[in-house]
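Everything on this sheet refers to the single structure shown next.
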Amino acid sequence: MHISLYVIILLVTLALLFDFMNGFHDAANAIATVVSTGVLKPGQAVAMAALFNVLAFFVFNLSVAKTIGKGTIDPTIIDQYVIFGALVGAIFWNLVTWYFGIPSSSSHALIGGLIGAAVAKEGTGALIGTGLYKIILFIVLSPLLGFVLGALMMLVVSWIFVKSTPLKVDKWFRRLQLVSASAFSLGHGGNDAQKTMAIIWMLLIAAGYSNPADPLPPLWVVYSCYAAIGLGTLFGGWRIVKTMGQKITKLKPVGGFCAESAGALTLLFANISGIPVSTTHTITGAIVGVGSSQKMSAVRWGVAGNIVWAWVLTIPASAFVAAISWWVGTKIL
C-alpha cells in the first residue's frame, strides 16, 4: 500500500498528540487521590506521576500493544484513512469529556475510534470478535475488581489499625500513599502508552515500514509514546482531578492508599495478561469501593452515575465520529 511520507508524519504526529492527551486527560487517575488528601501539592504529584509513567518502559513488556495492534480489527484493512478516523474520533471524545470534567476512558475512546473507522470501511466483518470481547468484558470487570479490592483493603487496614490513633494512622499513610500513587502511575504508563504504540505500529505495517512478522514495534515508537504520555501527565487535566478526588467521595490518606493500591494491583494483572483496560474505570471503581466500605452514603452516587453514563457512551460516540472522520479522511489525505 502506498502512503506518502507526509501523511505518515501527519498521522504519527496525530497519534502522539492523542498519547499526550491521554496522559493529560488521565493524569487525574494517578494524582487525584494524593492531591485531594493533601499528601502532595499538584505540581509535585504530576511530576511524580509523569516520571513513573515513563519508568513503565523498564518494567512491562509490550503485550497490550500486541492485543490492540493485532487483536481488535483485521490488520489487512488498515490504511491511512482508518488510522486518521480512529485518532480523530478518540481525540474528539477526550476533548469533550475533559471540557466537562468527566473521567472517561481514553483507552476505550481509541478502541471505539478503531471500530468506527473499520466498520465504515469494511463493515462488521473487519472486527476481531475474540479480542473485542475481552476488552468489552473488562469494561465491566476492571471497575468491579477495583471496587472489590478497594473495599477489602479498606476493611483490612481498618481492622489492623483499629487501636491506633487517627493522628498515627494519618502519619503512616501519608508516607505509604507516595508508594501507592507511584505504583498506580507505573501501571497507567504500562497500559495506556502501549495503545498508541499499537496505532503507530499498524500504520507502519500498512505503509511497509515495519514487518508484520516483527514481534515488537520499532524502538523509536516505544520511546516516543512513553515520552508523550509522560509529558501529557506532567501538564495534568485539572478539571477531572476535582471530580475524581473530591466529588465522588471524601478521601483521607488511608483511603487514598487503599484506592491507589487496588487500582495498581488491577493494572498489574492487566499489563501482565496483555489486556487493554481503562485506568479511569479501575481507579473510579476503587475510590467508590473505599467510600462505600465506610458507609454507603459516603459516596455521591449521582456523580458516580454520571460517570458510568460517560463510560457507556464512550465507544459508540467515538466510533460515530471516527466513521465520519474516515469518510473525511478519504477526501483530504
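Chains: A, B, ... in order of the C-alpha cells. Residues: from 1 per chain. Ligands: from 1, in order shown.
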
List every residue of range 171-321 of chain A that DSSP, applied to the backbone of this structure, assigns to alpha helix (DSSP H), and report them as a tab-separated table (two decimals) with N, CA and C atoms, in the first residue's frame.
```
chain	number	residue	atom	x	y	z
A	171	LYS	N	-0.33	9.79	59.74
A	171	LYS	CA	1.11	9.97	59.54
A	171	LYS	C	1.68	8.83	58.69
A	172	TRP	N	1.33	7.58	59.02
A	172	TRP	CA	1.84	6.43	58.29
A	172	TRP	C	1.35	6.42	56.84
A	173	PHE	N	0.07	6.67	56.65
A	173	PHE	CA	-0.48	6.52	55.31
A	173	PHE	C	-0.18	7.71	54.40
A	174	ARG	N	0.21	8.81	54.95
A	174	ARG	CA	0.72	9.90	54.11
A	174	ARG	C	2.00	9.45	53.41
A	175	ARG	N	2.82	8.69	54.11
A	175	ARG	CA	4.05	8.16	53.50
A	175	ARG	C	3.74	7.03	52.53
A	176	LEU	N	2.86	6.13	52.98
A	176	LEU	CA	2.54	4.97	52.13
A	176	LEU	C	1.81	5.38	50.85
A	177	GLN	N	1.10	6.50	50.89
A	177	GLN	CA	0.39	6.95	49.69
A	177	GLN	C	1.34	7.33	48.57
A	178	LEU	N	2.54	7.75	48.91
A	178	LEU	CA	3.54	8.03	47.88
A	178	LEU	C	3.88	6.76	47.11
A	179	VAL	N	3.94	5.64	47.83
A	179	VAL	CA	4.25	4.35	47.19
A	179	VAL	C	3.08	3.90	46.32
A	180	SER	N	1.86	3.99	46.85
A	180	SER	CA	0.69	3.51	46.11
A	180	SER	C	0.43	4.36	44.87
A	181	ALA	N	0.59	5.69	44.99
A	181	ALA	CA	0.38	6.56	43.83
A	181	ALA	C	1.43	6.30	42.76
A	182	SER	N	2.66	6.04	43.17
A	182	SER	CA	3.73	5.72	42.21
A	182	SER	C	3.43	4.41	41.48
A	183	ALA	N	2.95	3.42	42.24
A	183	ALA	CA	2.63	2.12	41.64
A	183	ALA	C	1.50	2.25	40.63
A	184	PHE	N	0.50	3.06	40.96
A	184	PHE	CA	-0.61	3.24	40.02
A	184	PHE	C	-0.13	3.95	38.76
A	185	SER	N	0.71	4.97	38.91
A	185	SER	CA	1.24	5.69	37.74
A	185	SER	C	2.07	4.77	36.86
A	186	LEU	N	2.80	3.85	37.48
A	186	LEU	CA	3.58	2.87	36.74
A	186	LEU	C	2.66	2.00	35.89
A	187	GLY	N	1.57	1.52	36.50
A	187	GLY	CA	0.61	0.70	35.77
A	187	GLY	C	-0.09	1.47	34.67
A	188	HIS	N	-0.40	2.76	34.94
A	188	HIS	CA	-1.04	3.61	33.93
A	188	HIS	C	-0.15	3.76	32.71
A	189	GLY	N	1.12	4.07	32.93
A	189	GLY	CA	2.04	4.21	31.80
A	189	GLY	C	2.20	2.92	31.03
A	190	GLY	N	2.29	1.80	31.77
A	190	GLY	CA	2.48	0.50	31.14
A	190	GLY	C	1.31	0.08	30.28
A	191	ASN	N	0.10	0.46	30.66
A	191	ASN	CA	-1.08	0.04	29.89
A	191	ASN	C	-1.42	1.03	28.80
A	192	ASP	N	-1.47	2.32	29.14
A	192	ASP	CA	-2.02	3.31	28.20
A	192	ASP	C	-1.06	3.72	27.08
A	193	ALA	N	0.24	3.83	27.37
A	193	ALA	CA	1.18	4.23	26.32
A	193	ALA	C	1.21	3.19	25.20
A	194	GLN	N	0.98	1.93	25.56
A	194	GLN	CA	1.07	0.86	24.57
A	194	GLN	C	-0.06	0.91	23.54
A	195	LYS	N	-1.17	1.54	23.90
A	195	LYS	CA	-2.29	1.60	22.96
A	195	LYS	C	-1.95	2.50	21.76
A	196	THR	N	-1.24	3.60	22.04
A	196	THR	CA	-0.81	4.47	20.94
A	196	THR	C	0.29	3.81	20.14
A	197	MET	N	1.17	3.08	20.82
A	197	MET	CA	2.21	2.32	20.09
A	197	MET	C	1.57	1.42	19.04
A	198	ALA	N	0.49	0.77	19.44
A	198	ALA	CA	-0.18	-0.16	18.54
A	198	ALA	C	-0.72	0.55	17.30
A	199	ILE	N	-1.27	1.76	17.48
A	199	ILE	CA	-1.82	2.52	16.35
A	199	ILE	C	-0.71	2.87	15.36
A	200	ILE	N	0.40	3.38	15.89
A	200	ILE	CA	1.53	3.75	15.01
A	200	ILE	C	2.09	2.50	14.33
A	201	TRP	N	2.16	1.43	15.09
A	201	TRP	CA	2.67	0.15	14.54
A	201	TRP	C	1.80	-0.32	13.38
A	202	MET	N	0.48	-0.25	13.56
A	202	MET	CA	-0.45	-0.61	12.48
A	202	MET	C	-0.16	0.21	11.21
A	203	LEU	N	0.02	1.51	11.41
A	203	LEU	CA	0.27	2.41	10.29
A	203	LEU	C	1.57	2.05	9.57
A	204	LEU	N	2.63	1.79	10.33
A	204	LEU	CA	3.94	1.48	9.74
A	204	LEU	C	3.89	0.16	8.98
A	205	ILE	N	3.14	-0.81	9.51
A	205	ILE	CA	2.99	-2.09	8.81
A	205	ILE	C	2.24	-1.89	7.49
A	206	ALA	N	1.16	-1.10	7.54
A	206	ALA	CA	0.37	-0.84	6.33
A	206	ALA	C	1.19	-0.12	5.27
A	207	ALA	N	2.09	0.76	5.72
A	207	ALA	CA	2.89	1.54	4.77
A	207	ALA	C	4.15	0.80	4.31
A	219	LEU	N	11.72	0.57	18.15
A	219	LEU	CA	12.02	1.18	19.46
A	219	LEU	C	11.71	2.67	19.50
A	220	TRP	N	11.87	3.37	18.36
A	220	TRP	CA	11.58	4.80	18.38
A	220	TRP	C	10.10	5.06	18.67
A	221	VAL	N	9.25	4.12	18.24
A	221	VAL	CA	7.82	4.24	18.54
A	221	VAL	C	7.59	4.08	20.04
A	222	VAL	N	8.24	3.10	20.64
A	222	VAL	CA	8.10	2.84	22.07
A	222	VAL	C	8.57	4.05	22.88
A	223	TYR	N	9.76	4.56	22.55
A	223	TYR	CA	10.31	5.71	23.28
A	223	TYR	C	9.40	6.93	23.17
A	224	SER	N	8.97	7.22	21.95
A	224	SER	CA	8.19	8.45	21.74
A	224	SER	C	6.83	8.37	22.42
A	225	CYS	N	6.23	7.18	22.47
A	225	CYS	CA	4.92	7.05	23.11
A	225	CYS	C	5.02	7.20	24.62
A	226	TYR	N	6.05	6.62	25.22
A	226	TYR	CA	6.23	6.80	26.66
A	226	TYR	C	6.53	8.26	26.99
A	227	ALA	N	7.33	8.91	26.14
A	227	ALA	CA	7.66	10.32	26.37
A	227	ALA	C	6.41	11.19	26.25
A	228	ALA	N	5.56	10.91	25.25
A	228	ALA	CA	4.36	11.73	25.02
A	228	ALA	C	3.37	11.60	26.17
A	229	ILE	N	3.14	10.39	26.66
A	229	ILE	CA	2.18	10.23	27.76
A	229	ILE	C	2.73	10.84	29.05
A	230	GLY	N	4.06	10.75	29.22
A	230	GLY	CA	4.67	11.37	30.40
A	230	GLY	C	4.53	12.89	30.37
A	231	LEU	N	4.74	13.49	29.20
A	231	LEU	CA	4.57	14.94	29.08
A	231	LEU	C	3.13	15.36	29.31
A	232	GLY	N	2.20	14.58	28.78
A	232	GLY	CA	0.78	14.88	28.98
A	232	GLY	C	0.41	14.85	30.45
A	233	THR	N	0.89	13.84	31.15
A	233	THR	CA	0.64	13.75	32.59
A	233	THR	C	1.23	14.93	33.33
A	234	LEU	N	2.41	15.37	32.88
A	234	LEU	CA	3.09	16.49	33.53
A	234	LEU	C	2.25	17.77	33.48
A	235	PHE	N	1.50	17.95	32.40
A	235	PHE	CA	0.65	19.13	32.28
A	235	PHE	C	-0.67	18.97	33.04
A	238	TRP	N	-6.67	19.26	35.15
A	238	TRP	CA	-7.16	19.66	36.47
A	238	TRP	C	-8.67	19.62	36.62
A	239	ARG	N	-9.39	19.76	35.51
A	239	ARG	CA	-10.86	19.70	35.61
A	239	ARG	C	-11.30	18.33	36.14
A	240	ILE	N	-10.61	17.29	35.69
A	240	ILE	CA	-11.01	15.93	36.07
A	240	ILE	C	-10.48	15.57	37.45
A	241	VAL	N	-9.35	16.18	37.85
A	241	VAL	CA	-8.81	15.93	39.19
A	241	VAL	C	-9.85	16.24	40.25
A	242	LYS	N	-10.56	17.34	40.08
A	242	LYS	CA	-11.57	17.75	41.07
A	242	LYS	C	-12.68	16.71	41.19
A	253	PRO	N	-5.81	10.05	53.78
A	253	PRO	CA	-4.65	9.31	53.25
A	253	PRO	C	-4.81	7.80	53.27
A	254	VAL	N	-5.43	7.24	54.31
A	254	VAL	CA	-5.61	5.79	54.35
A	254	VAL	C	-6.53	5.33	53.21
A	255	GLY	N	-7.58	6.08	52.92
A	255	GLY	CA	-8.48	5.75	51.82
A	255	GLY	C	-7.81	5.91	50.48
A	256	GLY	N	-7.00	6.97	50.34
A	256	GLY	CA	-6.25	7.17	49.11
A	256	GLY	C	-5.28	6.04	48.85
A	257	PHE	N	-4.61	5.58	49.90
A	257	PHE	CA	-3.67	4.46	49.77
A	257	PHE	C	-4.40	3.20	49.31
A	258	CYS	N	-5.54	2.90	49.91
A	258	CYS	CA	-6.28	1.69	49.56
A	258	CYS	C	-6.80	1.75	48.12
A	259	ALA	N	-7.31	2.92	47.71
A	259	ALA	CA	-7.82	3.07	46.34
A	259	ALA	C	-6.70	2.92	45.31
A	260	GLU	N	-5.58	3.59	45.55
A	260	GLU	CA	-4.46	3.52	44.61
A	260	GLU	C	-3.87	2.12	44.55
A	261	SER	N	-3.75	1.47	45.71
A	261	SER	CA	-3.19	0.12	45.74
A	261	SER	C	-4.09	-0.86	45.00
A	262	ALA	N	-5.41	-0.73	45.20
A	262	ALA	CA	-6.36	-1.59	44.49
A	262	ALA	C	-6.26	-1.37	42.99
A	263	GLY	N	-6.19	-0.10	42.58
A	263	GLY	CA	-6.05	0.21	41.16
A	263	GLY	C	-4.75	-0.31	40.58
A	264	ALA	N	-3.65	-0.16	41.34
A	264	ALA	CA	-2.34	-0.62	40.87
A	264	ALA	C	-2.32	-2.14	40.69
A	265	LEU	N	-2.93	-2.88	41.62
A	265	LEU	CA	-2.98	-4.34	41.51
A	265	LEU	C	-3.78	-4.77	40.28
A	266	THR	N	-4.89	-4.08	40.02
A	266	THR	CA	-5.71	-4.40	38.85
A	266	THR	C	-4.93	-4.14	37.57
A	267	LEU	N	-4.22	-3.02	37.50
A	267	LEU	CA	-3.44	-2.69	36.30
A	267	LEU	C	-2.27	-3.64	36.12
A	268	LEU	N	-1.66	-4.07	37.24
A	268	LEU	CA	-0.56	-5.03	37.15
A	268	LEU	C	-1.05	-6.32	36.50
A	269	PHE	N	-2.19	-6.82	36.94
A	269	PHE	CA	-2.78	-8.03	36.36
A	269	PHE	C	-3.06	-7.82	34.87
A	270	ALA	N	-3.64	-6.66	34.52
A	270	ALA	CA	-3.99	-6.39	33.13
A	270	ALA	C	-2.76	-6.29	32.24
A	271	ASN	N	-1.72	-5.63	32.73
A	271	ASN	CA	-0.49	-5.47	31.94
A	271	ASN	C	0.19	-6.81	31.69
A	272	ILE	N	0.24	-7.65	32.72
A	272	ILE	CA	0.86	-8.97	32.57
A	272	ILE	C	0.05	-9.84	31.60
A	273	SER	N	-1.28	-9.68	31.66
A	273	SER	CA	-2.17	-10.50	30.81
A	273	SER	C	-2.35	-9.94	29.40
A	279	THR	N	-7.72	2.75	32.85
A	279	THR	CA	-7.23	3.18	34.16
A	279	THR	C	-8.30	4.03	34.86
A	280	THR	N	-9.08	4.76	34.07
A	280	THR	CA	-10.16	5.58	34.63
A	280	THR	C	-11.20	4.70	35.32
A	281	HIS	N	-11.66	3.66	34.64
A	281	HIS	CA	-12.65	2.75	35.22
A	281	HIS	C	-12.10	2.11	36.49
A	282	THR	N	-10.83	1.72	36.42
A	282	THR	CA	-10.22	0.99	37.54
A	282	THR	C	-10.15	1.84	38.79
A	283	ILE	N	-9.61	3.05	38.69
A	283	ILE	CA	-9.44	3.88	39.88
A	283	ILE	C	-10.77	4.42	40.38
A	284	THR	N	-11.71	4.68	39.47
A	284	THR	CA	-13.04	5.14	39.90
A	284	THR	C	-13.73	4.05	40.72
A	285	GLY	N	-13.66	2.81	40.22
A	285	GLY	CA	-14.23	1.69	40.97
A	285	GLY	C	-13.59	1.54	42.34
A	286	ALA	N	-12.27	1.72	42.40
A	286	ALA	CA	-11.55	1.59	43.67
A	286	ALA	C	-11.95	2.70	44.65
A	287	ILE	N	-12.10	3.93	44.15
A	287	ILE	CA	-12.50	5.06	45.01
A	287	ILE	C	-13.90	4.82	45.56
A	288	VAL	N	-14.83	4.37	44.70
A	288	VAL	CA	-16.19	4.08	45.16
A	288	VAL	C	-16.18	2.94	46.18
A	289	GLY	N	-15.33	1.93	45.95
A	289	GLY	CA	-15.22	0.82	46.89
A	289	GLY	C	-14.74	1.26	48.26
A	290	VAL	N	-13.74	2.14	48.28
A	290	VAL	CA	-13.22	2.67	49.54
A	290	VAL	C	-14.30	3.47	50.26
A	291	GLY	N	-15.00	4.32	49.52
A	291	GLY	CA	-16.04	5.15	50.14
A	291	GLY	C	-17.19	4.32	50.68
A	292	SER	N	-17.64	3.33	49.90
A	292	SER	CA	-18.79	2.54	50.33
A	292	SER	C	-18.46	1.58	51.45
A	293	SER	N	-17.16	1.25	51.64
A	293	SER	CA	-16.79	0.35	52.74
A	293	SER	C	-16.97	1.04	54.09
A	294	GLN	N	-16.97	2.37	54.09
A	294	GLN	CA	-17.17	3.11	55.33
A	294	GLN	C	-18.67	3.25	55.61
A	301	TRP	N	-23.58	9.04	44.81
A	301	TRP	CA	-23.97	8.10	43.76
A	301	TRP	C	-24.45	8.81	42.50
A	302	GLY	N	-24.94	10.03	42.64
A	302	GLY	CA	-25.36	10.78	41.44
A	302	GLY	C	-24.18	11.09	40.55
A	303	VAL	N	-23.05	11.52	41.17
A	303	VAL	CA	-21.82	11.79	40.40
A	303	VAL	C	-21.31	10.49	39.77
A	304	ALA	N	-21.30	9.41	40.57
A	304	ALA	CA	-20.83	8.12	40.05
A	304	ALA	C	-21.69	7.66	38.88
A	305	GLY	N	-23.02	7.89	38.97
A	305	GLY	CA	-23.92	7.51	37.89
A	305	GLY	C	-23.64	8.27	36.60
A	306	ASN	N	-23.34	9.57	36.72
A	306	ASN	CA	-23.00	10.37	35.53
A	306	ASN	C	-21.72	9.85	34.87
A	307	ILE	N	-20.77	9.43	35.71
A	307	ILE	CA	-19.52	8.89	35.18
A	307	ILE	C	-19.79	7.60	34.41
A	308	VAL	N	-20.63	6.74	34.97
A	308	VAL	CA	-20.96	5.47	34.30
A	308	VAL	C	-21.63	5.73	32.95
A	309	TRP	N	-22.51	6.74	32.88
A	309	TRP	CA	-23.14	7.07	31.59
A	309	TRP	C	-22.08	7.48	30.57
A	310	ALA	N	-21.07	8.21	31.01
A	310	ALA	CA	-19.99	8.60	30.09
A	310	ALA	C	-19.25	7.36	29.60
A	311	TRP	N	-19.07	6.38	30.48
A	311	TRP	CA	-18.42	5.13	30.08
A	311	TRP	C	-19.23	4.41	29.02
A	312	VAL	N	-20.54	4.36	29.23
A	312	VAL	CA	-21.43	3.66	28.28
A	312	VAL	C	-21.36	4.32	26.90
A	313	LEU	N	-21.27	5.64	26.88
A	313	LEU	CA	-21.31	6.38	25.62
A	313	LEU	C	-19.96	6.45	24.91
A	314	THR	N	-18.87	6.16	25.62
A	314	THR	CA	-17.53	6.39	25.07
A	314	THR	C	-17.31	5.67	23.75
A	315	ILE	N	-17.49	4.37	23.70
A	315	ILE	CA	-17.20	3.62	22.47
A	315	ILE	C	-18.14	4.00	21.33
A	316	PRO	N	-19.48	4.03	21.54
A	316	PRO	CA	-20.34	4.43	20.41
A	316	PRO	C	-20.12	5.86	19.94
A	317	ALA	N	-19.87	6.80	20.87
A	317	ALA	CA	-19.67	8.20	20.46
A	317	ALA	C	-18.39	8.37	19.66
A	318	SER	N	-17.30	7.79	20.16
A	318	SER	CA	-16.03	7.92	19.43
A	318	SER	C	-16.09	7.13	18.11
A	319	ALA	N	-16.82	6.00	18.09
A	319	ALA	CA	-16.96	5.24	16.85
A	319	ALA	C	-17.74	6.03	15.80
A	320	PHE	N	-18.79	6.72	16.23
A	320	PHE	CA	-19.60	7.52	15.30
A	320	PHE	C	-18.76	8.64	14.67
A	321	VAL	N	-18.01	9.36	15.52
A	321	VAL	CA	-17.16	10.44	15.00
A	321	VAL	C	-16.06	9.87	14.11
```

(message) So that I can check the surroundings of Gly85 in chain A, please list as number ranges by chain every protein, DNA and RNA residue that reaches within 12 Å of it, counting only C-alpha atoms and ignoring chain neighbours fewer than 4 positions away.
(response) A: 11, 14-15, 78-81, 89-92, 109-121, 199, 318-333

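With only C-alpha atoms as the atoms that count, the minimum distance from Ser106 in chain A to the choices A:Ala56, A:Ile31, A:Leu87, A:Ala49 is reached by A:Leu87.
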
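You can rank A:Asp19, A:Leu62, A:Lys163, A:Ser107 by their closest distance to Ile139 in chain A using only C-alpha atoms, and at the top of that list sits A:Ser107.
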